[in-house]
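Okay, input-v3.txt is below, compact mmCIF, C-alpha atoms and all ligand atoms:
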# COMPACT_ATOMS: atom_id res chain seq x y z
CA MET A 1 -8.98 7.72 -5.54
CA GLY A 2 -12.28 6.84 -3.88
CA LEU A 3 -12.35 3.12 -4.44
CA PHE A 4 -9.19 2.53 -2.44
CA SER A 5 -9.50 5.40 0.04
CA ASP A 6 -10.05 2.99 2.95
CA VAL A 7 -6.85 1.06 2.35
CA GLU A 8 -5.02 4.31 1.70
CA ARG A 9 -6.07 5.45 5.16
CA MET A 10 -4.65 2.20 6.53
CA GLY A 11 -1.32 3.16 4.94
CA LEU A 12 -1.54 0.25 2.52
CA GLY A 13 -2.23 1.97 -0.77
CA GLY A 14 0.63 3.49 -2.69
CA VAL A 15 -0.47 1.88 -5.92
CA ASP A 16 -1.12 3.97 -8.99
CA MET A 17 -4.55 2.77 -10.00
CA ASN A 18 -4.16 4.26 -13.47
CA ASN A 19 -1.29 1.90 -13.94
CA VAL A 20 -2.45 -1.41 -12.56
CA PHE A 21 -2.08 -3.41 -15.74
CA ASN A 22 1.29 -3.81 -17.36
CA GLU A 23 2.82 -4.91 -20.60
CA GLY A 24 4.85 -7.70 -19.05
CA LYS A 25 4.78 -11.44 -19.63
CA LYS A 26 6.06 -13.33 -16.57
CA GLN A 27 5.30 -15.93 -13.93
CA THR A 28 2.43 -17.54 -12.01
CA SER A 29 0.16 -20.27 -13.26
CA ALA A 30 -3.49 -20.62 -12.40
CA SER A 31 -4.96 -23.96 -11.53
CA PRO A 32 -8.65 -24.32 -12.37
CA SER A 33 -10.93 -24.67 -9.39
CA GLU A 34 -14.49 -25.84 -9.41
CA LEU A 35 -17.44 -24.42 -7.59
CA GLU A 36 -20.11 -25.99 -5.47
CA GLN A 37 -22.35 -28.98 -5.82
CA PRO A 38 -25.96 -29.77 -4.87
CA LYS A 39 -27.78 -30.44 -1.52
CA GLU A 40 -31.30 -29.49 -0.53
CA THR A 41 -33.22 -27.33 2.01
CA GLU A 42 -32.84 -23.82 3.40
CA LYS A 43 -29.42 -23.23 4.91
CA LYS A 44 -27.67 -20.64 6.98
CA GLU A 45 -24.31 -19.32 5.92
CA GLU A 46 -22.74 -19.99 9.34
CA ASP A 47 -23.73 -23.66 9.09
CA VAL A 48 -21.69 -24.26 5.93
CA LEU A 49 -18.52 -22.55 7.17
CA PHE A 50 -15.40 -24.27 8.37
CA ASP A 51 -11.93 -23.18 9.40
CA LYS A 52 -9.50 -23.56 6.55
CA SER A 53 -5.78 -23.55 7.25
CA TYR A 54 -3.27 -21.50 5.30
CA GLN A 55 0.42 -20.89 5.55
CA CYS A 56 1.46 -17.38 4.64
CA PRO A 57 4.05 -17.42 1.81
CA ILE A 58 5.52 -14.16 3.12
CA CYS A 59 5.87 -14.64 6.90
CA ASP A 60 5.27 -18.42 7.24
CA ASN A 61 2.50 -17.77 9.76
CA ASN A 62 0.00 -20.63 10.02
CA PHE A 63 -3.54 -19.31 10.35
CA LYS A 64 -7.13 -20.23 9.78
CA VAL A 65 -9.87 -18.36 7.98
CA LYS A 66 -13.53 -19.12 7.46
CA ALA A 67 -14.32 -20.86 4.21
CA ILE A 68 -17.43 -22.37 2.64
CA ARG A 69 -17.54 -26.14 2.63
CA THR A 70 -17.41 -27.14 -1.03
CA GLY A 71 -20.42 -29.14 -2.03
CA LYS A 72 -22.63 -27.72 0.73
CA VAL A 73 -24.05 -24.80 -1.19
CA LYS A 74 -25.89 -25.17 -4.45
CA LEU A 75 -25.26 -22.86 -7.36
CA VAL A 76 -28.74 -21.87 -8.51
CA ASP A 77 -28.10 -19.37 -11.25
CA GLN A 78 -25.80 -16.92 -12.89
CA ASP A 79 -26.93 -13.40 -13.43
CA GLU A 80 -26.46 -11.62 -16.73
CA GLU A 81 -23.04 -10.49 -15.55
CA LEU A 82 -22.08 -14.12 -14.96
CA ARG A 83 -22.05 -13.60 -11.20
CA PRO A 84 -22.81 -16.94 -9.57
CA ILE A 85 -25.94 -16.93 -7.40
CA TYR A 86 -26.23 -19.51 -4.66
CA GLU A 87 -29.15 -20.92 -2.68
CA SER A 88 -30.45 -19.36 0.55
CA HIS A 89 -28.71 -16.03 -0.10
CA ILE A 90 -25.38 -17.58 0.82
CA ASP A 91 -22.53 -15.83 -0.96
CA PRO A 92 -19.31 -17.89 -1.17
CA LEU A 93 -17.71 -15.07 -3.16
CA LYS A 94 -17.13 -13.26 0.15
CA TYR A 95 -14.68 -15.94 1.25
CA ASP A 96 -12.46 -15.94 -1.80
CA ALA A 97 -9.79 -13.48 -0.64
CA VAL A 98 -7.44 -14.52 2.15
CA THR A 99 -5.46 -12.14 4.36
CA CYS A 100 -2.67 -13.24 6.69
CA PRO A 101 -3.59 -11.70 10.05
CA ARG A 102 0.06 -11.19 10.97
CA CYS A 103 1.68 -9.56 7.94
CA GLY A 104 -1.38 -8.69 5.87
CA TYR A 105 -0.32 -10.56 2.74
CA SER A 106 -3.48 -11.13 0.72
CA ALA A 107 -4.50 -13.00 -2.40
CA LEU A 108 -7.46 -14.81 -3.87
CA THR A 109 -7.53 -18.41 -2.63
CA ARG A 110 -6.44 -19.85 -5.97
CA TYR A 111 -3.39 -17.56 -5.98
CA TYR A 112 -2.46 -17.97 -2.32
CA LYS A 113 0.79 -19.79 -2.95
CA PRO A 114 4.56 -19.42 -2.83
CA VAL A 115 6.15 -16.34 -4.35
CA THR A 116 9.61 -15.68 -5.73
CA THR A 117 12.37 -14.20 -3.58
CA ALA A 118 12.10 -10.89 -5.39
CA GLN A 119 8.33 -10.77 -4.88
CA LEU A 120 8.75 -11.66 -1.23
CA ARG A 121 11.20 -8.82 -0.69
CA THR A 122 8.99 -6.23 -2.41
CA ILE A 123 5.86 -7.31 -0.55
CA ARG A 124 7.65 -7.22 2.80
CA GLN A 125 9.13 -3.79 2.18
CA GLU A 126 6.30 -2.08 0.38
CA PHE A 127 3.26 -3.74 1.91
CA CYS A 128 3.79 -5.71 5.12
CA ALA A 129 5.91 -2.96 6.67
CA ASN A 130 2.83 -0.72 6.68
CA PHE A 131 0.32 -3.33 7.78
CA LYS A 132 -1.22 -2.68 11.18
CA GLY A 133 -3.93 -5.30 11.17
CA ILE A 134 -7.49 -5.40 9.90
CA PRO A 135 -10.73 -5.81 11.85
CA GLU A 136 -11.50 -9.46 12.53
CA GLU A 137 -14.73 -10.89 11.18
CA ASP A 138 -16.79 -12.88 13.66
CA GLY A 139 -18.66 -15.74 12.06
CA CYS A 140 -19.90 -14.87 8.59
CA MET A 141 -17.85 -12.53 6.46
CA SER A 142 -19.39 -9.11 5.89
CA TYR A 143 -19.37 -7.53 2.45
CA ARG A 144 -17.25 -4.70 3.81
CA GLY A 145 -14.75 -7.20 5.19
CA ALA A 146 -14.71 -9.14 1.94
CA LEU A 147 -14.18 -6.01 -0.14
CA LEU A 148 -11.31 -4.91 2.09
CA ARG A 149 -9.60 -8.30 1.69
CA HIS A 150 -10.06 -8.15 -2.07
CA LYS A 151 -8.56 -4.66 -2.22
CA LEU A 152 -5.55 -5.84 -0.23
CA SER A 153 -5.26 -8.80 -2.63
CA LEU A 154 -5.24 -6.40 -5.55
CA ILE A 155 -2.49 -4.30 -4.00
CA CYS A 156 -0.40 -7.40 -3.23
CA ALA A 157 -0.98 -8.63 -6.79
CA VAL A 158 0.37 -5.33 -8.12
CA LYS A 159 3.35 -5.51 -5.74
CA ARG A 160 4.29 -8.99 -6.93
CA ASN A 161 3.77 -8.03 -10.56
CA ALA A 162 1.02 -10.61 -11.06
CA LYS A 163 -0.49 -11.27 -14.44
CA ASN A 164 -3.02 -8.80 -15.78
CA SER A 165 -5.67 -11.52 -15.85
CA GLU A 166 -5.32 -12.07 -12.10
CA LYS A 167 -5.67 -8.36 -11.35
CA ALA A 168 -8.62 -8.05 -13.75
CA TYR A 169 -10.23 -11.04 -12.07
CA ILE A 170 -9.94 -9.39 -8.64
CA PHE A 171 -11.71 -6.32 -10.02
CA LEU A 172 -14.42 -8.53 -11.52
CA LYS A 173 -14.88 -10.24 -8.15
CA MET A 174 -15.08 -6.88 -6.42
CA ALA A 175 -17.79 -5.77 -8.84
CA TRP A 176 -19.72 -8.95 -8.04
CA LEU A 177 -19.29 -8.37 -4.30
CA MET A 178 -20.57 -4.82 -4.64
CA ARG A 179 -23.60 -6.15 -6.52
CA GLY A 180 -24.23 -8.68 -3.73
CA TYR A 181 -23.79 -5.97 -1.13
CA LEU A 182 -26.22 -3.67 -2.95
CA GLU A 183 -28.83 -6.42 -2.98
CA GLU A 184 -28.50 -6.71 0.76
CA LEU A 185 -28.70 -2.97 1.51
CA PRO A 186 -32.03 -1.21 2.07
CA ALA A 187 -33.22 0.86 -0.89
CA ASP A 188 -32.76 4.12 1.03
CA ASP A 189 -29.27 3.37 2.33
CA ALA A 190 -27.03 6.41 1.97
CA THR A 191 -24.00 4.45 0.74
CA ARG A 192 -25.74 2.93 -2.30
CA GLU A 193 -24.81 5.71 -4.68
CA GLU A 194 -21.13 5.45 -3.86
CA LEU A 195 -21.19 1.66 -4.16
CA ILE A 196 -22.81 1.81 -7.59
CA GLN A 197 -20.10 4.19 -8.70
CA GLU A 198 -17.39 1.91 -7.30
CA GLU A 199 -18.97 -1.11 -8.96
CA ASN A 200 -18.71 0.69 -12.28
CA GLU A 201 -15.11 1.56 -11.62
CA CYS A 202 -14.37 -2.13 -10.96
CA ILE A 203 -16.14 -3.19 -14.16
CA GLN A 204 -14.10 -0.66 -16.10
CA LYS A 205 -10.86 -1.93 -14.55
CA ALA A 206 -11.78 -5.58 -15.08
CA TYR A 207 -12.49 -4.92 -18.76
CA GLU A 208 -9.26 -2.99 -19.21
CA GLY A 209 -7.27 -5.76 -17.53
CA PHE A 210 -8.82 -8.61 -19.50
CA GLN A 211 -8.20 -6.66 -22.69
CA ALA A 212 -4.54 -6.36 -21.75
CA ALA A 213 -4.41 -10.06 -20.90
CA PHE A 214 -6.40 -11.47 -23.78
CA SER A 215 -3.84 -11.62 -26.56
CA LYS A 216 -0.78 -12.05 -24.35
CA GLU A 217 -1.66 -14.78 -21.86
CA THR A 218 -2.56 -18.40 -22.35
CA PHE A 219 -5.86 -20.11 -21.58
CA PRO A 220 -7.40 -21.17 -19.30
CA MET A 221 -7.21 -17.74 -17.68
CA CYS A 222 -8.49 -17.49 -14.09
CA GLY A 223 -10.29 -20.77 -14.73
CA MET A 224 -11.95 -19.47 -17.91
CA ASP A 225 -11.49 -20.83 -21.39
CA GLU A 226 -11.21 -18.42 -24.29
CA MET A 227 -14.92 -18.39 -25.13
CA SER A 228 -15.97 -17.87 -21.52
CA LEU A 229 -13.60 -14.93 -21.27
CA ARG A 230 -14.83 -13.51 -24.58
CA TYR A 231 -18.38 -13.70 -23.30
CA THR A 232 -17.41 -12.22 -19.93
CA MET A 233 -15.71 -9.34 -21.71
CA ALA A 234 -18.78 -8.82 -23.89
CA VAL A 235 -20.89 -8.54 -20.74
CA LEU A 236 -18.47 -6.02 -19.25
CA ALA A 237 -18.32 -4.02 -22.50
CA HIS A 238 -22.12 -3.91 -22.60
CA LYS A 239 -22.24 -2.68 -19.01
CA LEU A 240 -19.80 0.06 -19.96
CA GLY A 241 -21.87 1.12 -22.96
CA LYS A 242 -19.19 -0.07 -25.40
CA MET A 243 -21.75 -1.63 -27.73
CA GLU A 244 -19.46 -2.15 -30.72
CA ASP A 245 -16.88 -3.95 -28.59
CA ALA A 246 -19.61 -6.11 -27.09
CA VAL A 247 -21.04 -7.04 -30.49
CA ARG A 248 -17.58 -7.89 -31.85
CA LEU A 249 -16.81 -10.11 -28.85
CA LEU A 250 -20.16 -11.86 -29.13
CA ALA A 251 -19.62 -12.50 -32.84
CA GLY A 252 -16.42 -14.30 -31.86
CA VAL A 253 -18.35 -16.55 -29.50
CA LEU A 254 -21.25 -17.21 -31.87
CA GLY A 255 -18.94 -17.99 -34.78
CA SER A 256 -16.73 -20.29 -32.77
CA LYS A 257 -16.58 -24.04 -33.27
CA THR A 258 -15.33 -24.64 -29.75
CA ALA A 259 -17.83 -22.57 -27.72
CA SER A 260 -20.33 -24.65 -25.74
CA ALA A 261 -24.05 -24.51 -26.51
CA ARG A 262 -24.57 -22.93 -23.08
CA ILE A 263 -22.23 -20.03 -23.73
CA LYS A 264 -23.62 -19.56 -27.26
CA ASP A 265 -27.15 -19.36 -25.85
CA LYS A 266 -26.05 -16.70 -23.42
CA ALA A 267 -24.27 -14.84 -26.19
CA LEU A 268 -27.45 -14.87 -28.31
CA VAL A 269 -29.51 -13.46 -25.46
CA LEU A 270 -27.03 -10.64 -24.90
CA LYS A 271 -26.84 -9.94 -28.64
CA ASP A 272 -30.64 -9.56 -28.73
CA THR A 273 -30.59 -7.30 -25.70
CA ILE A 274 -28.02 -5.07 -27.37
CA LYS A 275 -29.94 -5.03 -30.65
CA ASN A 276 -33.10 -3.92 -28.82
CA GLU A 277 -31.24 -1.25 -26.92
CA VAL A 278 -29.63 0.12 -30.05
CA MET A 279 -33.04 0.18 -31.84
CA ALA A 280 -34.64 1.94 -28.90
CA ASN A 281 -31.98 4.63 -29.02
CA LYS A 282 -32.41 5.36 -32.71
ZN ZN B 1 1.93 -13.38 6.72

Show me, as structure tokens, the structure contained in the file I just sent.
Amino acid sequence: MGLFSDVERMGLGGVDMNNVFNEGKKQTSASPSELEQPKETEKKEEDVLFDKSYQCPICDNNFKVKAIRTGKVKLVDQDEELRPIYESHIDPLKYDAVTCPRCGYSALTRYYKPVTTAQLRTIRQEFCANFKGIPEEDGCMSYRGALLRHKLSLICAVKRNAKNSEKAYIFLKMAWLMRGYLEELPADDATREELIQEENECIQKAYEGFQAAFSKETFPMCGMDEMSLRYTMAVLAHKLGKMEDAVRLLAGVLGSKTASARIKDKALVLKDTIKNEVMANK
């Protein structure tokens, strides 16, 4: 499969991508994390980085990776797909997947925590044993580097039988990273076409995973309450051309007593967009 061909070449694939999401119930709890706070003037990404320490739950290695200093970068907007947009073209999303440089164990920062003995054994045998290192990133993280770390996180999440919501969330993040990467690439870059295709694949997988998670897991899910997830899924469904699904999900948001005014406003805008598109196609 194209999307994971690079990690396959590294000998780290071996995951059936048609079977990423499972029926299971099981472990792991997500703690909500908050994003960024204000501060003025044009900034450079390298100026807001610092070395964050981690201890690998698989090999106990202590290591440092670059991270964005919380509070140093202002969130300026969210695009229609809910992707957060930050000031000065700084993209904190690139720093959200952590890879142990020694054994390769990878996860999103919020899920980088102890695992069970069974998970540890599987990850060691089926993942770390094949890990031969990844290219180091000097200074700012590249989109390629970030995508690679997210793919490794996805594979590790499958190996430790993580919740469907976590795996779906990694796909969503990858789609956002590909969008950010596309915005950075020149219009005539030869890799654009492939990236657009991969972005779509990630959106498809994210939607599939959140669908599997929705009725079986408890909220908040990946830091999202039920209405935020409903709206996110509506956005994904719309992107995939599943208009009826999108409309149904939006109706749930608009008819809800608990949804915030902000999320209802967004839902109304998307509902109008869909209505116009459907009219135009008649
Ligand atoms: Zn490790």

Collect all residues with atoms no farther than 8 Å from ligand ZN 1 (chain B), counting all atoms listed in the file, and output them as an mmCIF file with C-alpha atoms, in the coordinates of the input.
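Full text of selection.cif as output:
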data_model
loop_
_atom_site.group_PDB
_atom_site.id
_atom_site.type_symbol
_atom_site.label_atom_id
_atom_site.label_comp_id
_atom_site.auth_asym_id
_atom_site.auth_seq_id
_atom_site.Cartn_x
_atom_site.Cartn_y
_atom_site.Cartn_z
ATOM 1 C CA GLN A 55 0.420 -20.890 5.550
ATOM 2 C CA CYS A 56 1.460 -17.380 4.640
ATOM 3 C CA PRO A 57 4.050 -17.420 1.810
ATOM 4 C CA ILE A 58 5.520 -14.160 3.120
ATOM 5 C CA CYS A 59 5.870 -14.640 6.900
ATOM 6 C CA ASP A 60 5.270 -18.420 7.240
ATOM 7 C CA ASN A 61 2.500 -17.770 9.760
ATOM 8 C CA THR A 99 -5.460 -12.140 4.360
ATOM 9 C CA CYS A 100 -2.670 -13.240 6.690
ATOM 10 C CA PRO A 101 -3.590 -11.700 10.050
ATOM 11 C CA ARG A 102 0.060 -11.190 10.970
ATOM 12 C CA CYS A 103 1.680 -9.560 7.940
ATOM 13 C CA GLY A 104 -1.380 -8.690 5.870
ATOM 14 C CA TYR A 105 -0.320 -10.560 2.740
#

Tell me, counting all atoms listed in the file, for each residue of region 144-241 of chain A within 12 Å of region 89-95 of chain A, which pair of atoms is nearest and how far apart they are in Å to one decimal, in rows ordered by chain and increasing number, as CSV.
residue,atom,partner,partner_atom,distance
A:Arg144,CA,A:Lys94,CA,9.3
A:Gly145,CA,A:Lys94,CA,8.2
A:Ala146,CA,A:Lys94,CA,5.1
A:Leu147,CA,A:Lys94,CA,7.8
A:Leu148,CA,A:Lys94,CA,10.4
A:Arg149,CA,A:Lys94,CA,9.1
A:His150,CA,A:Lys94,CA,9.0
A:Ile170,CA,A:Leu93,CA,11.1
A:Leu172,CA,A:Leu93,CA,11.1
A:Lys173,CA,A:Leu93,CA,7.5
A:Met174,CA,A:Leu93,CA,9.2
A:Ala175,CA,A:Leu93,CA,10.9
A:Trp176,CA,A:Leu93,CA,8.1
A:Leu177,CA,A:Lys94,CA,7.0
A:Met178,CA,A:Lys94,CA,10.3
A:Arg179,CA,A:Leu93,CA,11.2
A:Gly180,CA,A:Asp91,CA,7.9
A:Tyr181,CA,A:Asp91,CA,9.9
A:Glu183,CA,A:His89,CA,10.0
A:Glu184,CA,A:His89,CA,9.4

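Each of A:Lys205, A:Arg83, A:Lys257, A:Arg124 was checked against Leu240 (chain A) using all atoms listed in the file; the smallest atom-to-atom distance is that of A:Lys205.
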
**OP:** Return the single residue from A:Ala213, A:Ala246, A:Leu108, A:Leu254 that is closest to Ile155 (chain A), with distances computed using only C-alpha atoms.
**Re:**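 The shortest atom-to-atom distance to Ile155 (chain A) comes from A:Leu108.
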
Original post:
Which distance in Å separates CA of Asp77 (chain A) and CA of Ile263 (chain A), to one decimal?
Top reply: 13.8 Å

Original post:
Within 10 Å of Thr122 (chain A), counting all atoms listed in the file, which residues qualify if same-chain residues fewer than 5 places away don't, as a list of chain:residue names?
Top reply: A:Thr117, A:Phe127, A:Cys128, A:Cys156, A:Lys159, A:Arg160, A:Asn161

Subject >> Shell around Ser165 (chain A) at 9 Å using all atoms listed in the file, local window under 2 positions removed, as a ChimeraX atom specification >> reply: /A:21,162-163,167-170,206,209-214,217,221-222

For those residues, write C-alpha atoms to a file as a PDB file, in the coordinates of the input.
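See selection.pdb below for the written result:
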ATOM      1  CA  PHE A  21      -2.080  -3.410 -15.740  1.00  0.00           C
ATOM      2  CA  ALA A 162       1.020 -10.610 -11.060  1.00  0.00           C
ATOM      3  CA  LYS A 163      -0.490 -11.270 -14.440  1.00  0.00           C
ATOM      4  CA  LYS A 167      -5.670  -8.360 -11.350  1.00  0.00           C
ATOM      5  CA  ALA A 168      -8.620  -8.050 -13.750  1.00  0.00           C
ATOM      6  CA  TYR A 169     -10.230 -11.040 -12.070  1.00  0.00           C
ATOM      7  CA  ILE A 170      -9.940  -9.390  -8.640  1.00  0.00           C
ATOM      8  CA  ALA A 206     -11.780  -5.580 -15.080  1.00  0.00           C
ATOM      9  CA  GLY A 209      -7.270  -5.760 -17.530  1.00  0.00           C
ATOM     10  CA  PHE A 210      -8.820  -8.610 -19.500  1.00  0.00           C
ATOM     11  CA  GLN A 211      -8.200  -6.660 -22.690  1.00  0.00           C
ATOM     12  CA  ALA A 212      -4.540  -6.360 -21.750  1.00  0.00           C
ATOM     13  CA  ALA A 213      -4.410 -10.060 -20.900  1.00  0.00           C
ATOM     14  CA  PHE A 214      -6.400 -11.470 -23.780  1.00  0.00           C
ATOM     15  CA  GLU A 217      -1.660 -14.780 -21.860  1.00  0.00           C
ATOM     16  CA  MET A 221      -7.210 -17.740 -17.680  1.00  0.00           C
ATOM     17  CA  CYS A 222      -8.490 -17.490 -14.090  1.00  0.00           C
TER      18      CYS A 222
END

**OP:** One decimal, Å: what's the distance from CA of Leu82 (chain A) over to CA of Lys52 (chain A), could you say?
**Re:** 26.6 Å
